[in-house]
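J.: Okay, here's the structure, questions in a sec.
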Amino acid sequence: ALAATRLLVERVVTMVRNGTAGDLTAWLDEAETSEIASCTRGLAADQAAVVAALTEPWSSGQIEGQIDRLKTLKRQIYGRANIELLKARLVAAS
């Protein structure tokens, strides 16, 4: 069972790296009875989004990185300063 699960994971990693979703439906059917069935159910529930993520050329990674950076800065100064210090930190970090 573990070897079969490993092959399933390798196949989905190949799909992600190559940006192809051609055999995603077949993969989901095979994986729903494997050790990763709970993950498979989550992917199948939002299959349209998974296909878009695999095939579209754009990503929200840059935006997410900027949001994460802002949240980190806010956590660092929370309770110690006002908005002026946050603005100064953001300008200095840029």
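Every chain in the structure tokens takes a letter, A first, then B, and so on in the order presented; its residues are numbered from 1, and the ligands are numbered from 1 following the presented order.
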Please provide as an NGL selection string all residues within 12 Å of A:Thr14, with the sequence filter that same-chain residues fewer than 6 positions apart are discarded (counting only C-alpha atoms).

T.: :A and (7-8 or 20-24 or 27 or 54)

J.: Using only C-alpha atoms, please write the residues we just selected to a file, as an mmCIF file, in the first residue's frame.

T.:
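In the end it all went to out31.cif:
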data_model
loop_
_atom_site.group_PDB
_atom_site.id
_atom_site.type_symbol
_atom_site.label_atom_id
_atom_site.label_comp_id
_atom_site.auth_asym_id
_atom_site.auth_seq_id
_atom_site.Cartn_x
_atom_site.Cartn_y
_atom_site.Cartn_z
ATOM 1 C CA LEU A 7 3.712 6.169 -7.017
ATOM 2 C CA LEU A 8 0.518 8.223 -6.756
ATOM 3 C CA THR A 20 -0.395 19.622 -16.696
ATOM 4 C CA ALA A 21 -3.771 18.449 -15.481
ATOM 5 C CA GLY A 22 -4.541 15.982 -18.261
ATOM 6 C CA ASP A 23 -4.820 12.851 -16.141
ATOM 7 C CA LEU A 24 -5.987 14.540 -12.928
ATOM 8 C CA TRP A 27 -5.406 10.182 -10.694
ATOM 9 C CA LEU A 54 -1.939 23.474 -12.559
#

J.: From a backbone DSSP assignment, name each residue in stretch 32-87 of chain A labelled alpha helix (DSSP H), as a PyMOL selection string.

T.: chain A and resi 37-45+47-55+61-77+83-87

J.: Suppose you want the space between atom CA of A:Val51 and atom CA of A:Arg11; what is it in Å?

T.: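 Straight-line distance from atom CA of A:Val51 to atom CA of A:Arg11 works out to 14.8 Å.
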
J.: Please list as a PDB file with N, CA, C and O atoms, in the first residue's frame every residue within 12 Å of A:Ile36, counting only C-alpha atoms and excluding residues in the same chain fewer than 3 positions away.

T.:
ATOM      1  N   ALA A   1       0.835  -1.194   0.000  1.00  0.00           N
ATOM      2  CA  ALA A   1       0.000   0.000   0.000  1.00  0.00           C
ATOM      3  C   ALA A   1       0.875   1.252   0.000  1.00  0.00           C
ATOM      4  O   ALA A   1       0.571   2.238  -0.668  1.00  0.00           O
ATOM      5  N   LEU A   2       1.964   1.206   0.732  1.00  0.00           N
ATOM      6  CA  LEU A   2       2.852   2.361   0.800  1.00  0.00           C
ATOM      7  C   LEU A   2       3.539   2.613  -0.542  1.00  0.00           C
ATOM      8  O   LEU A   2       3.678   3.768  -0.972  1.00  0.00           O
ATOM      9  N   ALA A   4       2.379   1.833  -3.501  1.00  0.00           N
ATOM     10  CA  ALA A   4       1.370   2.355  -4.423  1.00  0.00           C
ATOM     11  C   ALA A   4       1.090   3.828  -4.142  1.00  0.00           C
ATOM     12  O   ALA A   4       0.930   4.632  -5.068  1.00  0.00           O
ATOM     13  N   THR A   5       1.059   4.191  -2.871  1.00  0.00           N
ATOM     14  CA  THR A   5       0.839   5.585  -2.498  1.00  0.00           C
ATOM     15  C   THR A   5       1.996   6.451  -2.967  1.00  0.00           C
ATOM     16  O   THR A   5       1.802   7.562  -3.449  1.00  0.00           O
ATOM     17  N   ARG A   6       3.199   5.924  -2.842  1.00  0.00           N
ATOM     18  CA  ARG A   6       4.375   6.665  -3.305  1.00  0.00           C
ATOM     19  C   ARG A   6       4.292   6.945  -4.799  1.00  0.00           C
ATOM     20  O   ARG A   6       4.603   8.045  -5.254  1.00  0.00           O
ATOM     21  N   LEU A   7       3.857   5.966  -5.571  1.00  0.00           N
ATOM     22  CA  LEU A   7       3.712   6.169  -7.017  1.00  0.00           C
ATOM     23  C   LEU A   7       2.656   7.215  -7.321  1.00  0.00           C
ATOM     24  O   LEU A   7       2.823   8.039  -8.238  1.00  0.00           O
ATOM     25  N   LEU A   8       1.563   7.215  -6.564  1.00  0.00           N
ATOM     26  CA  LEU A   8       0.518   8.223  -6.756  1.00  0.00           C
ATOM     27  C   LEU A   8       1.053   9.626  -6.456  1.00  0.00           C
ATOM     28  O   LEU A   8       0.782  10.577  -7.196  1.00  0.00           O
ATOM     29  N   VAL A   9       1.809   9.734  -5.385  1.00  0.00           N
ATOM     30  CA  VAL A   9       2.377  11.034  -5.021  1.00  0.00           C
ATOM     31  C   VAL A   9       3.362  11.494  -6.091  1.00  0.00           C
ATOM     32  O   VAL A   9       3.371  12.676  -6.471  1.00  0.00           O
ATOM     33  N   VAL A  12       1.416  12.942  -9.041  1.00  0.00           N
ATOM     34  CA  VAL A  12       0.848  14.273  -8.836  1.00  0.00           C
ATOM     35  C   VAL A  12       1.965  15.321  -8.774  1.00  0.00           C
ATOM     36  O   VAL A  12       1.793  16.447  -9.248  1.00  0.00           O
ATOM     37  N   TRP A  27      -6.201  10.234 -11.912  1.00  0.00           N
ATOM     38  CA  TRP A  27      -5.406  10.182 -10.694  1.00  0.00           C
ATOM     39  C   TRP A  27      -6.298  10.246  -9.466  1.00  0.00           C
ATOM     40  O   TRP A  27      -6.101   9.512  -8.500  1.00  0.00           O
ATOM     41  N   LEU A  28      -7.288  11.132  -9.487  1.00  0.00           N
ATOM     42  CA  LEU A  28      -8.216  11.251  -8.355  1.00  0.00           C
ATOM     43  C   LEU A  28      -8.979   9.951  -8.130  1.00  0.00           C
ATOM     44  O   LEU A  28      -9.187   9.535  -6.984  1.00  0.00           O
ATOM     45  N   ASP A  29      -9.401   9.316  -9.220  1.00  0.00           N
ATOM     46  CA  ASP A  29     -10.121   8.040  -9.090  1.00  0.00           C
ATOM     47  C   ASP A  29      -9.246   6.966  -8.461  1.00  0.00           C
ATOM     48  O   ASP A  29      -9.698   6.208  -7.597  1.00  0.00           O
ATOM     49  N   GLU A  30      -7.993   6.900  -8.875  1.00  0.00           N
ATOM     50  CA  GLU A  30      -7.083   5.902  -8.307  1.00  0.00           C
ATOM     51  C   GLU A  30      -6.748   6.207  -6.855  1.00  0.00           C
ATOM     52  O   GLU A  30      -6.651   5.302  -6.018  1.00  0.00           O
ATOM     53  N   ALA A  31      -6.561   7.470  -6.544  1.00  0.00           N
ATOM     54  CA  ALA A  31      -6.092   7.857  -5.217  1.00  0.00           C
ATOM     55  C   ALA A  31      -7.191   7.835  -4.159  1.00  0.00           C
ATOM     56  O   ALA A  31      -6.892   7.832  -2.967  1.00  0.00           O
ATOM     57  N   GLU A  32      -8.451   7.783  -4.560  1.00  0.00           N
ATOM     58  CA  GLU A  32      -9.524   7.825  -3.556  1.00  0.00           C
ATOM     59  C   GLU A  32      -9.620   6.571  -2.699  1.00  0.00           C
ATOM     60  O   GLU A  32     -10.258   6.588  -1.648  1.00  0.00           O
ATOM     61  N   THR A  33      -8.943   5.523  -3.093  1.00  0.00           N
ATOM     62  CA  THR A  33      -8.921   4.302  -2.271  1.00  0.00           C
ATOM     63  C   THR A  33      -7.541   4.047  -1.668  1.00  0.00           C
ATOM     64  O   THR A  33      -7.280   2.967  -1.156  1.00  0.00           O
ATOM     65  N   CYS A  39      -6.852  13.575   1.447  1.00  0.00           N
ATOM     66  CA  CYS A  39      -6.309  14.665   0.629  1.00  0.00           C
ATOM     67  C   CYS A  39      -6.983  14.667  -0.742  1.00  0.00           C
ATOM     68  O   CYS A  39      -7.329  15.722  -1.275  1.00  0.00           O
ATOM     69  N   THR A  40      -7.197  13.498  -1.286  1.00  0.00           N
ATOM     70  CA  THR A  40      -7.828  13.362  -2.587  1.00  0.00           C
ATOM     71  C   THR A  40      -9.244  13.923  -2.570  1.00  0.00           C
ATOM     72  O   THR A  40      -9.662  14.592  -3.510  1.00  0.00           O
ATOM     73  N   ARG A  41      -9.984  13.663  -1.487  1.00  0.00           N
ATOM     74  CA  ARG A  41     -11.352  14.201  -1.384  1.00  0.00           C
ATOM     75  C   ARG A  41     -11.337  15.720  -1.398  1.00  0.00           C
ATOM     76  O   ARG A  41     -12.196  16.360  -2.010  1.00  0.00           O
ATOM     77  N   GLY A  42     -10.358  16.314  -0.726  1.00  0.00           N
ATOM     78  CA  GLY A  42     -10.240  17.764  -0.730  1.00  0.00           C
ATOM     79  C   GLY A  42      -9.946  18.321  -2.115  1.00  0.00           C
ATOM     80  O   GLY A  42     -10.515  19.335  -2.525  1.00  0.00           O
ATOM     81  N   LEU A  43      -9.072  17.662  -2.856  1.00  0.00           N
ATOM     82  CA  LEU A  43      -8.752  18.094  -4.210  1.00  0.00           C
ATOM     83  C   LEU A  43      -9.942  17.902  -5.151  1.00  0.00           C
ATOM     84  O   LEU A  43     -10.223  18.754  -5.991  1.00  0.00           O
TER      85      LEU A  43
END

J.: Show me, as a PyMOL selection string, the residues that have an atom within 9 Å of stretch 85-92 of chain A when counting only C-alpha atoms, minus same-chain residues fewer than 5 positions from it.

T.: chain A and resi 70+73-74+77

J.: Record the distance separating atom CA of A:Glu10 and atom CA of A:Ala49, expressed in Å with one decimal.

T.: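 Atom-to-atom, atom CA of A:Glu10 to atom CA of A:Ala49, that is 20.5 Å.
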
J.: Of the residues A:Ala3, A:Glu35, A:Gly19, A:Tyr78, which is the one nearest to A:Trp58, using only C-alpha atoms?

T.: A:Gly19

J.: Closest to A:Ala45 among A:Ser59, A:Thr72, A:Asn82, A:Thr25, using only C-alpha atoms?

T.: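 Checking each of A:Ser59, A:Thr72, A:Asn82, A:Thr25 against A:Ala45, counting only C-alpha atoms, the winner is A:Thr25.
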